[in-house]
$ cat target.cif   # mmCIF, N, CA and C atoms
data_work
#
loop_
_atom_site.label_atom_id
_atom_site.label_comp_id
_atom_site.auth_asym_id
_atom_site.auth_seq_id
_atom_site.Cartn_x
_atom_site.Cartn_y
_atom_site.Cartn_z
N MET A 9 12.31 -38.96 -26.98
CA MET A 9 13.25 -38.27 -26.12
C MET A 9 13.23 -36.78 -26.38
N THR A 10 13.16 -36.40 -27.65
CA THR A 10 13.18 -34.97 -27.96
C THR A 10 11.88 -34.29 -27.52
N GLU A 11 10.76 -35.05 -27.57
CA GLU A 11 9.50 -34.46 -27.10
C GLU A 11 9.54 -34.17 -25.61
N ALA A 12 10.09 -35.08 -24.83
CA ALA A 12 10.18 -34.89 -23.39
C ALA A 12 11.11 -33.73 -23.06
N LEU A 13 12.23 -33.63 -23.78
CA LEU A 13 13.16 -32.53 -23.57
C LEU A 13 12.51 -31.19 -23.93
N GLY A 14 11.76 -31.19 -25.02
CA GLY A 14 11.06 -29.97 -25.43
C GLY A 14 10.00 -29.55 -24.42
N MET A 15 9.28 -30.53 -23.86
CA MET A 15 8.27 -30.22 -22.85
C MET A 15 8.92 -29.68 -21.58
N LEU A 16 10.02 -30.30 -21.14
CA LEU A 16 10.72 -29.81 -19.96
C LEU A 16 11.26 -28.40 -20.17
N LEU A 17 11.78 -28.14 -21.35
CA LEU A 17 12.28 -26.80 -21.66
C LEU A 17 11.14 -25.78 -21.66
N THR A 18 10.00 -26.14 -22.20
CA THR A 18 8.84 -25.25 -22.20
C THR A 18 8.37 -24.95 -20.78
N ILE A 19 8.30 -25.95 -19.94
CA ILE A 19 7.89 -25.76 -18.54
C ILE A 19 8.89 -24.88 -17.81
N ALA A 20 10.19 -25.11 -18.05
CA ALA A 20 11.22 -24.30 -17.40
C ALA A 20 11.11 -22.84 -17.82
N ILE A 21 10.88 -22.59 -19.09
CA ILE A 21 10.74 -21.20 -19.57
C ILE A 21 9.52 -20.54 -18.95
N LEU A 22 8.40 -21.26 -18.87
CA LEU A 22 7.20 -20.69 -18.27
C LEU A 22 7.41 -20.38 -16.78
N LEU A 23 8.11 -21.26 -16.07
CA LEU A 23 8.39 -21.00 -14.66
C LEU A 23 9.29 -19.78 -14.48
N VAL A 24 10.30 -19.65 -15.31
CA VAL A 24 11.20 -18.49 -15.23
C VAL A 24 10.43 -17.20 -15.52
N VAL A 25 9.56 -17.22 -16.51
CA VAL A 25 8.76 -16.03 -16.83
C VAL A 25 7.82 -15.68 -15.68
N ALA A 26 7.18 -16.68 -15.08
CA ALA A 26 6.27 -16.42 -13.97
C ALA A 26 7.01 -15.85 -12.77
N ILE A 27 8.16 -16.40 -12.45
CA ILE A 27 8.95 -15.89 -11.33
C ILE A 27 9.44 -14.48 -11.61
N ALA A 28 9.85 -14.20 -12.84
CA ALA A 28 10.30 -12.85 -13.20
C ALA A 28 9.17 -11.84 -13.06
N VAL A 29 7.97 -12.21 -13.45
CA VAL A 29 6.82 -11.30 -13.32
C VAL A 29 6.55 -11.01 -11.85
N ILE A 30 6.58 -12.01 -11.01
CA ILE A 30 6.35 -11.81 -9.57
C ILE A 30 7.43 -10.91 -8.97
N VAL A 31 8.68 -11.14 -9.33
CA VAL A 31 9.78 -10.32 -8.80
C VAL A 31 9.61 -8.86 -9.24
N VAL A 32 9.24 -8.63 -10.48
CA VAL A 32 9.05 -7.26 -10.96
C VAL A 32 7.90 -6.58 -10.22
N ILE A 33 6.80 -7.28 -10.01
CA ILE A 33 5.66 -6.70 -9.29
C ILE A 33 6.06 -6.33 -7.87
N VAL A 34 6.75 -7.20 -7.18
CA VAL A 34 7.17 -6.92 -5.81
C VAL A 34 8.16 -5.76 -5.78
N ALA A 35 9.10 -5.72 -6.72
CA ALA A 35 10.09 -4.64 -6.75
C ALA A 35 9.44 -3.29 -7.02
N VAL A 36 8.52 -3.24 -7.95
CA VAL A 36 7.83 -1.97 -8.26
C VAL A 36 6.97 -1.54 -7.08
N TYR A 37 6.28 -2.47 -6.48
CA TYR A 37 5.40 -2.12 -5.36
C TYR A 37 6.19 -1.65 -4.14
N SER A 38 7.36 -2.25 -3.90
CA SER A 38 8.13 -1.88 -2.71
C SER A 38 8.78 -0.51 -2.86
N ARG A 39 9.01 -0.04 -4.07
CA ARG A 39 9.63 1.27 -4.28
C ARG A 39 8.61 2.40 -4.39
N MET A 40 7.35 2.08 -4.37
CA MET A 40 6.30 3.07 -4.50
C MET A 40 6.13 3.84 -3.18
N PRO A 41 5.94 5.16 -3.22
CA PRO A 41 5.71 5.89 -1.98
C PRO A 41 4.43 5.43 -1.29
N LEU A 42 4.39 5.58 0.03
CA LEU A 42 3.23 5.13 0.81
C LEU A 42 1.94 5.79 0.34
N GLU A 43 2.01 7.07 -0.03
CA GLU A 43 0.79 7.78 -0.45
C GLU A 43 0.20 7.15 -1.70
N LYS A 44 1.05 6.70 -2.61
CA LYS A 44 0.57 6.10 -3.85
C LYS A 44 0.04 4.68 -3.62
N LYS A 45 0.63 3.98 -2.64
CA LYS A 45 0.21 2.59 -2.40
C LYS A 45 -1.24 2.51 -1.95
N TYR A 46 -1.68 3.47 -1.18
CA TYR A 46 -3.00 3.38 -0.58
C TYR A 46 -4.06 4.17 -1.34
N GLU A 47 -3.75 4.69 -2.54
CA GLU A 47 -4.76 5.40 -3.31
C GLU A 47 -5.77 4.44 -3.94
N SER A 48 -5.33 3.28 -4.33
CA SER A 48 -6.22 2.33 -5.00
C SER A 48 -6.81 1.36 -4.00
N ALA A 49 -7.74 0.56 -4.47
CA ALA A 49 -8.42 -0.39 -3.60
C ALA A 49 -7.62 -1.68 -3.44
N GLY A 50 -6.49 -1.83 -4.10
CA GLY A 50 -5.71 -3.05 -4.03
C GLY A 50 -4.75 -3.11 -2.85
N GLY A 51 -4.92 -2.27 -1.87
CA GLY A 51 -4.01 -2.23 -0.72
C GLY A 51 -4.03 -3.51 0.09
N GLY A 52 -5.14 -4.22 0.12
CA GLY A 52 -5.22 -5.45 0.89
C GLY A 52 -4.35 -6.54 0.31
N LEU A 53 -4.29 -6.62 -1.00
CA LEU A 53 -3.46 -7.63 -1.65
C LEU A 53 -1.98 -7.34 -1.43
N GLY A 54 -1.60 -6.08 -1.56
CA GLY A 54 -0.19 -5.72 -1.38
C GLY A 54 0.22 -5.64 0.07
N GLY A 55 -0.72 -5.59 0.99
CA GLY A 55 -0.39 -5.50 2.40
C GLY A 55 0.38 -6.69 2.91
N SER A 56 0.09 -7.86 2.37
CA SER A 56 0.83 -9.05 2.81
C SER A 56 2.28 -8.99 2.35
N PHE A 57 2.53 -8.51 1.12
CA PHE A 57 3.90 -8.34 0.66
C PHE A 57 4.62 -7.31 1.51
N GLU A 58 3.92 -6.23 1.85
CA GLU A 58 4.52 -5.16 2.63
C GLU A 58 4.87 -5.63 4.03
N ALA A 59 4.02 -6.43 4.63
CA ALA A 59 4.29 -6.91 5.98
C ALA A 59 5.51 -7.82 6.02
N VAL A 60 5.78 -8.54 4.93
CA VAL A 60 6.91 -9.46 4.90
C VAL A 60 8.21 -8.74 4.53
N TRP A 61 8.18 -7.91 3.46
CA TRP A 61 9.42 -7.34 2.96
C TRP A 61 9.72 -5.93 3.47
N MET A 62 8.73 -5.23 3.98
CA MET A 62 8.96 -3.88 4.51
C MET A 62 8.15 -3.70 5.79
N PRO A 63 8.57 -4.31 6.90
CA PRO A 63 7.78 -4.22 8.13
C PRO A 63 7.65 -2.79 8.64
N SER A 64 8.66 -1.95 8.42
CA SER A 64 8.56 -0.57 8.90
C SER A 64 7.47 0.20 8.15
N ALA A 65 7.33 -0.06 6.85
CA ALA A 65 6.27 0.60 6.08
C ALA A 65 4.91 0.08 6.50
N HIS A 66 4.83 -1.19 6.82
CA HIS A 66 3.57 -1.76 7.29
C HIS A 66 3.16 -1.13 8.62
N GLU A 67 4.13 -0.98 9.53
CA GLU A 67 3.84 -0.35 10.83
C GLU A 67 3.44 1.11 10.63
N ALA A 68 4.09 1.81 9.71
CA ALA A 68 3.72 3.20 9.43
C ALA A 68 2.30 3.28 8.88
N GLY A 69 1.94 2.33 8.03
CA GLY A 69 0.58 2.31 7.50
C GLY A 69 -0.45 2.03 8.57
N MET A 70 -0.12 1.15 9.51
CA MET A 70 -1.04 0.88 10.61
C MET A 70 -1.21 2.12 11.49
N GLU A 71 -0.12 2.83 11.76
CA GLU A 71 -0.21 4.06 12.56
C GLU A 71 -1.02 5.13 11.83
N ARG A 72 -0.83 5.24 10.51
CA ARG A 72 -1.61 6.21 9.73
C ARG A 72 -3.10 5.87 9.80
N ASP A 73 -3.43 4.58 9.72
CA ASP A 73 -4.82 4.17 9.81
C ASP A 73 -5.41 4.49 11.19
N ARG A 74 -4.62 4.28 12.24
CA ARG A 74 -5.09 4.61 13.59
C ARG A 74 -5.37 6.10 13.72
N GLN A 75 -4.46 6.92 13.19
CA GLN A 75 -4.64 8.36 13.31
C GLN A 75 -5.79 8.86 12.43
N THR A 76 -6.02 8.20 11.31
CA THR A 76 -7.12 8.60 10.43
C THR A 76 -8.47 8.31 11.08
N LYS A 77 -8.55 7.24 11.84
CA LYS A 77 -9.82 6.85 12.45
C LYS A 77 -10.17 7.66 13.69
N ARG A 78 -9.20 8.41 14.23
CA ARG A 78 -9.50 9.23 15.40
C ARG A 78 -10.45 10.36 15.01
N THR A 79 -11.29 10.74 15.93
CA THR A 79 -12.23 11.82 15.65
C THR A 79 -11.64 13.15 16.11
N ALA A 80 -12.06 14.21 15.45
CA ALA A 80 -11.60 15.55 15.82
C ALA A 80 -12.33 15.99 17.09
N PRO A 81 -11.67 16.77 17.93
CA PRO A 81 -12.35 17.22 19.15
C PRO A 81 -13.50 18.16 18.81
N ALA A 82 -14.57 18.04 19.54
CA ALA A 82 -15.73 18.90 19.32
C ALA A 82 -15.43 20.30 19.89
N PRO A 83 -15.85 21.35 19.19
CA PRO A 83 -15.60 22.70 19.70
C PRO A 83 -16.48 23.00 20.92
N SER A 84 -15.97 23.85 21.80
CA SER A 84 -16.74 24.27 22.97
C SER A 84 -17.83 25.24 22.54
N PRO A 85 -18.85 25.42 23.36
CA PRO A 85 -19.95 26.32 22.97
C PRO A 85 -19.51 27.76 22.72
N GLY A 86 -18.48 28.24 23.40
CA GLY A 86 -18.07 29.63 23.24
C GLY A 86 -17.06 29.86 22.13
N ASP A 87 -16.62 28.81 21.44
CA ASP A 87 -15.62 28.95 20.39
C ASP A 87 -16.23 29.60 19.15
N PRO A 88 -15.39 30.35 18.40
CA PRO A 88 -15.89 30.92 17.14
C PRO A 88 -16.12 29.80 16.13
N PRO A 89 -16.96 30.05 15.16
CA PRO A 89 -17.24 28.99 14.17
C PRO A 89 -15.98 28.62 13.38
N SER A 90 -15.96 27.40 12.90
CA SER A 90 -14.80 26.94 12.13
C SER A 90 -14.88 27.48 10.71
N ARG A 91 -13.74 27.40 10.04
CA ARG A 91 -13.68 27.87 8.65
C ARG A 91 -14.03 26.74 7.71
N ILE A 92 -14.74 27.05 6.64
CA ILE A 92 -15.07 26.05 5.62
C ILE A 92 -14.43 26.53 4.33
N ASP A 93 -13.45 25.77 3.85
CA ASP A 93 -12.75 26.08 2.60
C ASP A 93 -13.10 25.02 1.58
N GLY A 94 -14.07 25.28 0.75
CA GLY A 94 -14.48 24.30 -0.25
C GLY A 94 -15.10 23.09 0.42
N ASP A 95 -14.46 21.95 0.31
CA ASP A 95 -14.99 20.73 0.94
C ASP A 95 -14.24 20.38 2.22
N ARG A 96 -13.41 21.30 2.73
CA ARG A 96 -12.65 21.08 3.96
C ARG A 96 -13.15 21.98 5.07
N ILE A 97 -13.31 21.41 6.25
CA ILE A 97 -13.69 22.19 7.43
C ILE A 97 -12.47 22.25 8.34
N THR A 98 -12.05 23.45 8.71
CA THR A 98 -10.88 23.63 9.56
C THR A 98 -11.35 24.05 10.94
N ILE A 99 -10.96 23.28 11.94
CA ILE A 99 -11.30 23.60 13.33
C ILE A 99 -10.03 24.11 13.99
N ASP A 100 -10.03 25.37 14.44
CA ASP A 100 -8.89 25.93 15.12
C ASP A 100 -8.90 25.49 16.58
N LEU A 101 -7.77 24.99 17.03
CA LEU A 101 -7.66 24.52 18.42
C LEU A 101 -6.98 25.56 19.27
#

$ encode --input "target.cif" --output "structure tokens"
Amino acid sequence: MTEALGMLLTIAILLVVAIAVIVVIVAVYSRMPLEKKYESAGGGLGGSFEAVWMPSAHEAGMERDRQTKRTAPAPSPGDPPSRIDGDRITIDL
């Protein structure tokens, strides 16, 4: 009887620890600014949590991705050349 009780207690403690770890990960991830969330390559894993618990942040991320994929307008032939500052090219509109 004591062995079964000890095993059940051990399983219960492990489940509580696992749930606590998941809750802490979700809480830390949800409070992180959007700029920090997308710096690493793990955005795909956290995207599912974001879509469920923060739909507005998920929609903002989708809009940011849409705007990032848009191409810059090509300059007309008579326009002055663009400025190059280090590794950035600035096109004046």

$ closest_residue --input "target.cif" --among "A:Ala20, A:Arg74, A:Ser38, A:Gly86" --to "Met62 (chain A)" --atoms "only N, CA and C atoms"
A:Ser38

$ atom_distance --input "target.cif" --atom1 "atom N of Gly14 (chain A)" --atom2 "CA of Val29 (chain A)"
23.6 Å

$ atom_distance --input "target.cif" --atom1 "atom N of Ala12 (chain A)" --atom2 "atom N of Ile27 (chain A)"
22.5 Å

$ atom_distance --input "target.cif" --atom1 "atom N of Ala65 (chain A)" --atom2 "atom C of Val25 (chain A)"
27.4 Å

$ decode --input "target.cif" --residues "region 9-23 of chain A" --atoms "N, CA, C and O atoms" --output "PDB file, in the first residue's frame"
ATOM      1  N   MET A   9       0.815  -1.195   0.000  1.00  0.00           N
ATOM      2  CA  MET A   9       0.000   0.000   0.000  1.00  0.00           C
ATOM      3  C   MET A   9       0.851   1.249   0.000  1.00  0.00           C
ATOM      4  O   MET A   9       0.547   2.216  -0.698  1.00  0.00           O
ATOM      5  N   THR A  10       1.922   1.234   0.781  1.00  0.00           N
ATOM      6  CA  THR A  10       2.765   2.426   0.856  1.00  0.00           C
ATOM      7  C   THR A  10       3.527   2.645  -0.451  1.00  0.00           C
ATOM      8  O   THR A  10       3.801   3.786  -0.814  1.00  0.00           O
ATOM      9  N   GLU A  11       3.878   1.531  -1.138  1.00  0.00           N
ATOM     10  CA  GLU A  11       4.560   1.689  -2.429  1.00  0.00           C
ATOM     11  C   GLU A  11       3.656   2.338  -3.459  1.00  0.00           C
ATOM     12  O   GLU A  11       4.085   3.191  -4.235  1.00  0.00           O
ATOM     13  N   ALA A  12       2.400   1.943  -3.502  1.00  0.00           N
ATOM     14  CA  ALA A  12       1.447   2.521  -4.453  1.00  0.00           C
ATOM     15  C   ALA A  12       1.211   3.990  -4.141  1.00  0.00           C
ATOM     16  O   ALA A  12       1.136   4.837  -5.052  1.00  0.00           O
ATOM     17  N   LEU A  13       1.088   4.327  -2.855  1.00  0.00           N
ATOM     18  CA  LEU A  13       0.896   5.713  -2.464  1.00  0.00           C
ATOM     19  C   LEU A  13       2.121   6.559  -2.823  1.00  0.00           C
ATOM     20  O   LEU A  13       1.985   7.681  -3.318  1.00  0.00           O
ATOM     21  N   GLY A  14       3.298   5.987  -2.608  1.00  0.00           N
ATOM     22  CA  GLY A  14       4.532   6.700  -2.964  1.00  0.00           C
ATOM     23  C   GLY A  14       4.644   6.923  -4.464  1.00  0.00           C
ATOM     24  O   GLY A  14       5.066   7.992  -4.911  1.00  0.00           O
ATOM     25  N   MET A  15       4.248   5.919  -5.255  1.00  0.00           N
ATOM     26  CA  MET A  15       4.298   6.062  -6.713  1.00  0.00           C
ATOM     27  C   MET A  15       3.294   7.116  -7.186  1.00  0.00           C
ATOM     28  O   MET A  15       3.611   7.940  -8.043  1.00  0.00           O
ATOM     29  N   LEU A  16       2.084   7.103  -6.633  1.00  0.00           N
ATOM     30  CA  LEU A  16       1.092   8.107  -7.000  1.00  0.00           C
ATOM     31  C   LEU A  16       1.550   9.518  -6.625  1.00  0.00           C
ATOM     32  O   LEU A  16       1.357  10.474  -7.382  1.00  0.00           O
ATOM     33  N   LEU A  17       2.169   9.643  -5.469  1.00  0.00           N
ATOM     34  CA  LEU A  17       2.687  10.940  -5.041  1.00  0.00           C
ATOM     35  C   LEU A  17       3.807  11.413  -5.969  1.00  0.00           C
ATOM     36  O   LEU A  17       3.855  12.588  -6.350  1.00  0.00           O
ATOM     37  N   THR A  18       4.678  10.515  -6.378  1.00  0.00           N
ATOM     38  CA  THR A  18       5.755  10.860  -7.303  1.00  0.00           C
ATOM     39  C   THR A  18       5.195  11.306  -8.653  1.00  0.00           C
ATOM     40  O   THR A  18       5.640  12.311  -9.219  1.00  0.00           O
ATOM     41  N   ILE A  19       4.216  10.606  -9.171  1.00  0.00           N
ATOM     42  CA  ILE A  19       3.595  10.978 -10.449  1.00  0.00           C
ATOM     43  C   ILE A  19       2.910  12.332 -10.335  1.00  0.00           C
ATOM     44  O   ILE A  19       3.019  13.180 -11.225  1.00  0.00           O
ATOM     45  N   ALA A  20       2.217  12.559  -9.215  1.00  0.00           N
ATOM     46  CA  ALA A  20       1.540  13.844  -9.014  1.00  0.00           C
ATOM     47  C   ALA A  20       2.544  14.991  -8.965  1.00  0.00           C
ATOM     48  O   ALA A  20       2.321  16.056  -9.564  1.00  0.00           O
ATOM     49  N   ILE A  21       3.647  14.799  -8.286  1.00  0.00           N
ATOM     50  CA  ILE A  21       4.672  15.853  -8.205  1.00  0.00           C
ATOM     51  C   ILE A  21       5.261  16.131  -9.580  1.00  0.00           C
ATOM     52  O   ILE A  21       5.452  17.294  -9.970  1.00  0.00           O
ATOM     53  N   LEU A  22       5.545  15.084 -10.352  1.00  0.00           N
ATOM     54  CA  LEU A  22       6.091  15.279 -11.691  1.00  0.00           C
ATOM     55  C   LEU A  22       5.103  16.016 -12.602  1.00  0.00           C
ATOM     56  O   LEU A  22       5.497  16.881 -13.396  1.00  0.00           O
ATOM     57  N   LEU A  23       3.819  15.687 -12.498  1.00  0.00           N
ATOM     58  CA  LEU A  23       2.814  16.388 -13.294  1.00  0.00           C
ATOM     59  C   LEU A  23       2.712  17.856 -12.911  1.00  0.00           C
ATOM     60  O   LEU A  23       2.611  18.735 -13.781  1.00  0.00           O
TER      61      LEU A  23
END
